[in-house]
Amino acid sequence: MDFLKVSSKSSPASVAGAIAGMVKDGVPVNMQCVGAGAVNQAVKAIAIARGFLIPTGVDISCAPTFSDIEISGERRTAIRFAIYVHRLTPQSQGVPSSVDNAGSVA
């Protein structure tokens with residue numbers, strides 16, 4: 001399985017563009033990060049990618065998991081994010097205006 005490898009120096013906007021492009025192409029998206037800084041950049045990228053995709057009728061979510069990996073002969077713990085794609089359907093006119101996008105009543 002291939003992963004987008006995200007580091008603490010990765011540009012969240014660039015990673016977001018890669019995520020959005022893969023989603024639009026129908027390619028499964030999985031990300032791998034080692035370290036708090038890398039996880040931070042990955043989460044920012046997922047949030048930015050959602051902003052790119054929602055206007056096109058697609059939303060994404062993620063599921064994080066731990067994975068033991070080997071880097072230069074050393075055992076490390078990585079966090080992997082599986083990206084899930086959700087097709088959005090237009091809402092009917094009967095939705096009350098007091099309901100926000102998250103489904104909470106204001």
# chains A, B, ... in the order shown; residues from 1 in each chain; ligands from 1
call {"tool": "residues_around", "arguments": {"residues": "segment 73-83 of chain A", "least_positions_apart": "6", "cutoff": "7 Å", "atoms": "only C-alpha atoms", "output": "list in words"}}
result
Val29, Asn30, Met31, Gln32, Cys33, Val34, Ile60, Ser61, Cys62, Ala63, Pro64, Thr65, Phe66 and Ser67 of chain A
call {"tool": "closest_atom_pairs", "arguments": {"of": "segment 52-71 of chain A", "to": "segment 1-23 of chain A", "cutoff": "12 Å", "atoms": "only C-alpha atoms", "output": "Markdown table"}}
result
| residue | atom | partner | partner_atom | distance |
| --- | --- | --- | --- | --- |
| A:Phe52 | CA | A:Ala20 | CA | 6.9 |
| A:Leu53 | CA | A:Ala20 | CA | 6.5 |
| A:Ile54 | CA | A:Ala20 | CA | 10.2 |
| A:Pro55 | CA | A:Ala20 | CA | 11.8 |
| A:Thr56 | CA | A:Ala20 | CA | 10.5 |
| A:Gly57 | CA | A:Val23 | CA | 11.8 |
| A:Val58 | CA | A:Val23 | CA | 8.8 |
| A:Asp59 | CA | A:Val23 | CA | 9.7 |
| A:Ile60 | CA | A:Val23 | CA | 8.8 |
| A:Ser61 | CA | A:Ile19 | CA | 11.6 |
| A:Cys62 | CA | A:Ile19 | CA | 11.7 |
call {"tool": "select_by_dssp", "arguments": {"residues": "segment 16-76 of chain A", "states": "alpha helix (DSSP H)", "output": "PyMOL selection string"}}
result
chain A and resi 16-24+36-53
call {"tool": "select_by_dssp", "arguments": {"residues": "chain A", "states": "strand (DSSP E or B)", "output": "number ranges by chain"}}
result
A: 4-6, 29-33, 58-71, 74-87, 99, 105
call {"tool": "write_last_selection", "arguments": {"atoms": "N, CA, C and O atoms", "output": "compact mmCIF listing (two decimals), in the first residue's frame"}}
result
# COMPACT_ATOMS: atom_id res chain seq x y z
N LEU A 4 1.02 8.78 1.12
CA LEU A 4 1.59 10.12 1.02
C LEU A 4 2.38 10.28 2.31
O LEU A 4 1.82 10.18 3.40
N LYS A 5 3.67 10.50 2.21
CA LYS A 5 4.49 10.66 3.41
C LYS A 5 4.60 12.14 3.72
O LYS A 5 5.09 12.92 2.91
N VAL A 6 4.12 12.51 4.90
CA VAL A 6 4.08 13.90 5.31
C VAL A 6 5.12 14.12 6.40
O VAL A 6 5.19 13.35 7.35
N VAL A 29 -6.60 7.42 -0.88
CA VAL A 29 -5.61 8.29 -0.24
C VAL A 29 -5.31 7.79 1.17
O VAL A 29 -6.20 7.62 1.99
N ASN A 30 -4.04 7.53 1.41
CA ASN A 30 -3.54 7.15 2.72
C ASN A 30 -2.30 7.99 2.99
O ASN A 30 -1.47 8.17 2.10
N MET A 31 -2.18 8.48 4.22
CA MET A 31 -1.06 9.33 4.57
C MET A 31 -0.31 8.70 5.74
O MET A 31 -0.91 8.03 6.57
N GLN A 32 1.00 8.94 5.79
CA GLN A 32 1.82 8.44 6.89
C GLN A 32 2.67 9.57 7.45
O GLN A 32 3.28 10.32 6.70
N CYS A 33 2.69 9.67 8.79
CA CYS A 33 3.43 10.74 9.47
C CYS A 33 4.20 10.15 10.64
O CYS A 33 3.72 9.25 11.31
N VAL A 58 -18.06 17.05 -2.95
CA VAL A 58 -17.36 15.93 -2.32
C VAL A 58 -16.85 16.38 -0.96
O VAL A 58 -16.33 17.49 -0.82
N ASP A 59 -17.01 15.54 0.05
CA ASP A 59 -16.44 15.80 1.36
C ASP A 59 -15.52 14.64 1.70
O ASP A 59 -15.63 13.56 1.12
N ILE A 60 -14.61 14.87 2.62
CA ILE A 60 -13.71 13.81 3.08
C ILE A 60 -13.69 13.78 4.60
O ILE A 60 -13.99 14.77 5.26
N SER A 61 -13.34 12.62 5.13
CA SER A 61 -13.08 12.47 6.55
C SER A 61 -11.88 11.55 6.67
O SER A 61 -11.40 11.01 5.66
N CYS A 62 -11.37 11.39 7.88
CA CYS A 62 -10.19 10.54 8.03
C CYS A 62 -10.29 9.67 9.26
O CYS A 62 -11.04 9.97 10.19
N ALA A 63 -9.54 8.58 9.22
CA ALA A 63 -9.44 7.67 10.36
C ALA A 63 -7.97 7.45 10.65
O ALA A 63 -7.24 6.93 9.81
N PRO A 64 -7.50 7.87 11.83
CA PRO A 64 -6.08 7.67 12.18
C PRO A 64 -5.84 6.31 12.82
O PRO A 64 -6.70 5.79 13.54
N THR A 65 -4.69 5.73 12.53
CA THR A 65 -4.26 4.48 13.16
C THR A 65 -2.77 4.57 13.46
O THR A 65 -2.05 5.33 12.82
N PHE A 66 -2.32 3.79 14.43
CA PHE A 66 -0.89 3.69 14.73
C PHE A 66 -0.30 2.57 13.90
O PHE A 66 -0.96 1.58 13.60
N SER A 67 0.96 2.71 13.53
CA SER A 67 1.67 1.68 12.79
C SER A 67 3.13 1.67 13.22
O SER A 67 3.75 2.73 13.33
N ASP A 68 3.67 0.50 13.48
CA ASP A 68 5.10 0.37 13.79
C ASP A 68 5.85 0.22 12.47
O ASP A 68 5.52 -0.65 11.67
N ILE A 69 6.82 1.08 12.24
CA ILE A 69 7.59 1.06 11.01
C ILE A 69 9.07 1.06 11.33
O ILE A 69 9.47 1.29 12.48
N GLU A 70 9.89 0.82 10.32
CA GLU A 70 11.34 0.85 10.49
C GLU A 70 11.92 1.93 9.60
O GLU A 70 11.64 1.98 8.40
N ILE A 71 12.71 2.83 10.19
CA ILE A 71 13.39 3.89 9.45
C ILE A 71 14.87 3.81 9.79
O ILE A 71 15.24 3.94 10.96
N GLU A 74 15.81 1.59 12.59
CA GLU A 74 15.27 1.95 13.89
C GLU A 74 13.75 1.80 13.87
O GLU A 74 13.09 2.24 12.92
N ARG A 75 13.17 1.21 14.91
CA ARG A 75 11.72 1.06 15.02
C ARG A 75 11.10 2.38 15.45
O ARG A 75 11.57 3.02 16.39
N ARG A 76 10.08 2.81 14.73
CA ARG A 76 9.37 4.06 15.05
C ARG A 76 7.88 3.81 15.01
O ARG A 76 7.42 2.87 14.37
N THR A 77 7.11 4.66 15.64
CA THR A 77 5.65 4.59 15.56
C THR A 77 5.19 5.70 14.65
O THR A 77 5.53 6.87 14.84
N ALA A 78 4.43 5.33 13.64
CA ALA A 78 3.87 6.30 12.70
C ALA A 78 2.37 6.40 12.95
O ALA A 78 1.75 5.50 13.52
N ILE A 79 1.81 7.52 12.53
CA ILE A 79 0.36 7.65 12.50
C ILE A 79 -0.03 7.68 11.03
O ILE A 79 0.56 8.42 10.23
N ARG A 80 -0.98 6.84 10.69
CA ARG A 80 -1.47 6.78 9.32
C ARG A 80 -2.91 7.28 9.29
O ARG A 80 -3.69 7.01 10.20
N PHE A 81 -3.22 8.04 8.27
CA PHE A 81 -4.57 8.55 8.08
C PHE A 81 -5.16 7.93 6.81
O PHE A 81 -4.59 8.09 5.73
N ALA A 82 -6.27 7.24 6.96
CA ALA A 82 -7.02 6.78 5.80
C ALA A 82 -8.06 7.85 5.50
O ALA A 82 -8.77 8.32 6.41
N ILE A 83 -8.13 8.29 4.26
CA ILE A 83 -9.07 9.33 3.85
C ILE A 83 -10.29 8.67 3.22
O ILE A 83 -10.16 7.85 2.31
N TYR A 84 -11.46 9.03 3.73
CA TYR A 84 -12.72 8.50 3.22
C TYR A 84 -13.45 9.58 2.44
O TYR A 84 -13.49 10.74 2.87
N VAL A 85 -14.03 9.20 1.32
CA VAL A 85 -14.71 10.14 0.43
C VAL A 85 -16.22 10.01 0.60
O VAL A 85 -16.74 8.89 0.64
N HIS A 86 -16.88 11.15 0.68
CA HIS A 86 -18.34 11.20 0.83
C HIS A 86 -18.91 12.10 -0.26
O HIS A 86 -18.50 13.27 -0.35
N ARG A 87 -19.79 11.58 -1.07
CA ARG A 87 -20.46 12.38 -2.09
C ARG A 87 -21.59 13.15 -1.42
O ARG A 87 -22.40 12.58 -0.69
N VAL A 99 -30.62 25.32 11.06
CA VAL A 99 -29.72 24.19 11.14
C VAL A 99 -28.44 24.55 10.40
O VAL A 99 -28.46 24.95 9.25
N VAL A 105 -28.63 22.43 15.72
CA VAL A 105 -29.66 23.46 15.72
C VAL A 105 -29.12 24.68 16.45
O VAL A 105 -28.58 24.58 17.54
